[in-house]
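Novice: One structure coming up, written as structure tokens, with questions to follow.
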Amino acid sequence: MNNRIKAAFDSIHAEEALKQRTREFLSERIQRTNRRRSPVRVKLAAACACLVLLLAGGYSFFAPVSAISVDVNPSVELGINLFDRVVSAVGYNEDGTALIDSLDLKYQDYPSALEKLMTSDRMSYYLENDGLVSITVLGPTEEKSEKMLEVLSVRGYGSTPNVVCHSGVRGDVEAAHKAGFSFGKYRAFLELHALDSTVTEEEARRMTMRQIRDRMDACSSGLPGEENAGGGPGRHGISGGASCCKQERLPCP
Amino acid sequence: MRDEQEACRAIERYADTVKRLCIIHLKNGPDTEDIFQNVFLKYVLSSIVFESEEHEKAWVIRVTINECKDLLKSFFRSRTVPLEEAPDLPAQDPAGGREVLGAVLSLPQRYRDVIYLHYYEGYSAVEIGKLLSKNVNSIYTLLHRAKALLREDLGGDELE
């Protein structure tokens with residue numbers, strides 16, 4: 001009986017056609033799975049590409065490519081990214097730091113951030129008291145700087161006598177920061193220094209934009225600085241009666 | 001995942017075993033093909049590392065029995081046919097294979113696996129217990145009763 005059972009089962013074999021169909025089925029499934037499964041290298045490359053894109057995206061978002069320097073007595077600089085969003089705000093003097101601390105400008109588009117800054121209580125105080133606001137823009141290219149100035153012009157900045165807009169000089173930025181100026185104020189300092197070489201960086205740092213402007217006007221017209229300087233919050237902070245003359249000129253009387 | 005070459009080797013090696021287990025459980029051609037595809041697909045997709053050929057064979061047997069049981073659970077009798085209609089049985093052979101096979105297949109389901117595994121595959125009761133996840137004593141009981149039924153059906157006393 002033992003052998004008969006063995007013999008009976010021995011007579012059962014899988015048909016060749018069944019085996020062939022199973023082989024074809026498995027072959028198709030294996031190939032389909034392999035097609036669907038990308039090799040590890042491809043996956044790794046895709047992951048790296050994603051990471052690079054993510055880092056590049058993060059970098060391009062957080063890296064400032066343009067800047068706006070707003071100087072009255074507070075002196076602040078807004079760093080602007082590729083997408084025209086404010087990604088950094090730095091105060092370059094005590095008033096500037098206090099102004100920045102009182103506002104949340106980060107990640108707003110720069111026209112909105114600038115509007116918020118200009119309409120803030122602290123800024124309004126200077127504007128209402130004859131302060132001179134200097135807005136200096138610096139783009140990655142001259143075209144971008146021009147475009148930024150256009151945007152400011154459309155928004156009405158520069159149309160009032162106590163708000164002036166300029167385009168900055170890229171080469172001055174490093175020197176300005178090194179000297180503790182925003183690049184907008186440093187630009188004004190350089191202009192004044194060209195008229196009156198006796199003005200020091202230390203003096204200019206303590207001057208308001210109105211005082212710098214008045215001093216430049218005085219030097220240009222040959223009058224002593226103090227005579228042109230008026231009152232108000234923008235007219236204090238300079239001590240001594242330094243003469244204001246162009247370097248090439250003879251000393252003022 | 002195993003490659004095509006390994007799949008072909010497994011089919012070559014275990015096709016008959018799977019077929020015999022299918023005959024024991026299903027007695028139906030189209031279902032056998034389903035089981036074939038499922039068992040060997042599981043083999044291909046499995047990441048298990050077999051320690052030996054015996055280990056691999058035991059895995060195939062276990063998976064085939066489970067697949068058959070699952071299929072029976074889902075379709076139960078609706079897709080099974082009487083033994084006489086089963087197309088896969090071998091033709092009458094001189095040693096009376098069909099008669100013996102018919103006797104084995106007419107046993108209650110619980111006896112068929114143990115008879116096949118013991119008399120054909122040569123597994124001991126202990127090994128069958130492990131393979132079917134059953135108590136060894138239950139296997140001894142099943143074997144004893146199955147032998148008695150076969151003896152009754154086929155006559156003779158050589159079933160040892």
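Numbering starts fresh at 1 for the residues of each chain in the structure tokens, the chains themselves are lettered A, B, ... in the order given, and ligands are numbered from 1 as they appear.
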Quick check for you: according to DSSP on this backbone, which residues of segment 80-246 of chain A are classed as helix (DSSP H, G or I)? Reply as a PyMOL selection string.
Specialist: chain A and resi 94-102+110-118+121-128+142-154+170-178+183-195+201-206+209-221+225-228+233-235
Novice: Can you tell me, as a list of chain:residue names, what residues are no more than 9 Å from Val39 of chain B when counting only C-alpha atoms, ignoring any on the same chain fewer than 2 positions away?
Specialist: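 Returned residues: B:Val18, B:Asp34, B:Ile35, B:Phe36, B:Gln37, B:Leu41, B:Lys42, B:Tyr43, B:Val44, B:Val60, B:Val63, B:Thr64, B:Glu67.
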Novice: Deliver the residues from the most recent selection as a file, using N, CA and C atoms, as a PDB file, in the first residue's frame.
Specialist:
ATOM      1  N   VAL B  18       3.598  21.113  -6.007  1.00  0.00           N
ATOM      2  CA  VAL B  18       2.466  22.056  -5.919  1.00  0.00           C
ATOM      3  C   VAL B  18       1.244  21.438  -6.591  1.00  0.00           C
ATOM      4  N   ASP B  34      -4.367  29.048 -10.719  1.00  0.00           N
ATOM      5  CA  ASP B  34      -4.336  30.212  -9.808  1.00  0.00           C
ATOM      6  C   ASP B  34      -3.342  29.974  -8.679  1.00  0.00           C
ATOM      7  N   ILE B  35      -3.425  28.759  -8.107  1.00  0.00           N
ATOM      8  CA  ILE B  35      -2.534  28.439  -6.984  1.00  0.00           C
ATOM      9  C   ILE B  35      -1.086  28.466  -7.453  1.00  0.00           C
ATOM     10  N   PHE B  36      -0.847  27.896  -8.624  1.00  0.00           N
ATOM     11  CA  PHE B  36       0.509  27.891  -9.179  1.00  0.00           C
ATOM     12  C   PHE B  36       1.071  29.311  -9.247  1.00  0.00           C
ATOM     13  N   GLN B  37       0.267  30.183  -9.831  1.00  0.00           N
ATOM     14  CA  GLN B  37       0.741  31.565  -9.998  1.00  0.00           C
ATOM     15  C   GLN B  37       0.953  32.239  -8.650  1.00  0.00           C
ATOM     16  N   LEU B  41       4.564  33.298  -7.326  1.00  0.00           N
ATOM     17  CA  LEU B  41       4.698  34.756  -7.199  1.00  0.00           C
ATOM     18  C   LEU B  41       5.154  35.106  -5.774  1.00  0.00           C
ATOM     19  N   LYS B  42       4.575  34.411  -4.797  1.00  0.00           N
ATOM     20  CA  LYS B  42       5.006  34.642  -3.412  1.00  0.00           C
ATOM     21  C   LYS B  42       6.470  34.267  -3.243  1.00  0.00           C
ATOM     22  N   TYR B  43       6.850  33.192  -3.923  1.00  0.00           N
ATOM     23  CA  TYR B  43       8.253  32.766  -3.859  1.00  0.00           C
ATOM     24  C   TYR B  43       9.160  33.871  -4.413  1.00  0.00           C
ATOM     25  N   VAL B  44       8.749  34.429  -5.548  1.00  0.00           N
ATOM     26  CA  VAL B  44       9.560  35.475  -6.193  1.00  0.00           C
ATOM     27  C   VAL B  44       9.614  36.729  -5.317  1.00  0.00           C
ATOM     28  N   VAL B  60       7.519  25.914   0.421  1.00  0.00           N
ATOM     29  CA  VAL B  60       6.623  25.809  -0.745  1.00  0.00           C
ATOM     30  C   VAL B  60       5.377  25.000  -0.371  1.00  0.00           C
ATOM     31  N   VAL B  63       3.132  27.105   1.962  1.00  0.00           N
ATOM     32  CA  VAL B  63       2.452  28.191   1.228  1.00  0.00           C
ATOM     33  C   VAL B  63       1.365  27.628   0.316  1.00  0.00           C
ATOM     34  N   THR B  64       1.668  26.499  -0.325  1.00  0.00           N
ATOM     35  CA  THR B  64       0.668  25.901  -1.238  1.00  0.00           C
ATOM     36  C   THR B  64      -0.581  25.476  -0.459  1.00  0.00           C
ATOM     37  N   GLU B  67      -2.502  28.517   0.482  1.00  0.00           N
ATOM     38  CA  GLU B  67      -3.180  29.101  -0.690  1.00  0.00           C
ATOM     39  C   GLU B  67      -4.431  28.301  -1.032  1.00  0.00           C
TER      40      GLU B  67
END
Novice: A:Ala218, A:Ile30, A:Val137, A:Glu142: which is nearest Arg187 of chain A, counting only C-alpha atoms?
Specialist: A:Val137
Novice: Any chance you could tabulate, as a tab-separated table, the residues of chain A at most 7 Å from chain B with each one's nearest atom pair and distance in Å to one decimal, using only C-alpha atoms, in chain and rising number order?
Specialist:
residue	atom	partner	partner_atom	distance
A:Met1	CA	B:Leu159	CA	5.0
A:Asn2	CA	B:Leu159	CA	5.2
A:Arg4	CA	B:Gly97	CA	6.8
A:Ile5	CA	B:Val100	CA	6.2
A:Lys6	CA	B:Tyr120	CA	5.1
A:Ala7	CA	B:Gly97	CA	6.5
A:Ala8	CA	B:Gly97	CA	4.2
A:Phe9	CA	B:Arg20	CA	6.9
A:Ser11	CA	B:Pro90	CA	6.4
A:Ile12	CA	B:Pro90	CA	6.3
A:His13	CA	B:Asp16	CA	4.9
A:Ala14	CA	B:Asp16	CA	5.0
A:Leu18	CA	B:Glu33	CA	6.9
A:Lys19	CA	B:Ile11	CA	6.7
A:Thr22	CA	B:Gln37	CA	5.7
A:Arg23	CA	B:Cys8	CA	6.4
A:Leu26	CA	B:Leu41	CA	6.4
A:Ser27	CA	B:Glu4	CA	6.0
A:Ile30	CA	B:Glu4	CA	7.0
Novice: Can you list, as a PyMOL selection string, every protein, DNA or RNA residue that comes within 12 Å of segment 121-129 of chain A when you count only C-alpha atoms, leaving out same-chain residues fewer than 2 positions away?
Specialist: chain A and resi 70-76+95-103+114-119+131-134+160-163+208-210+230-235
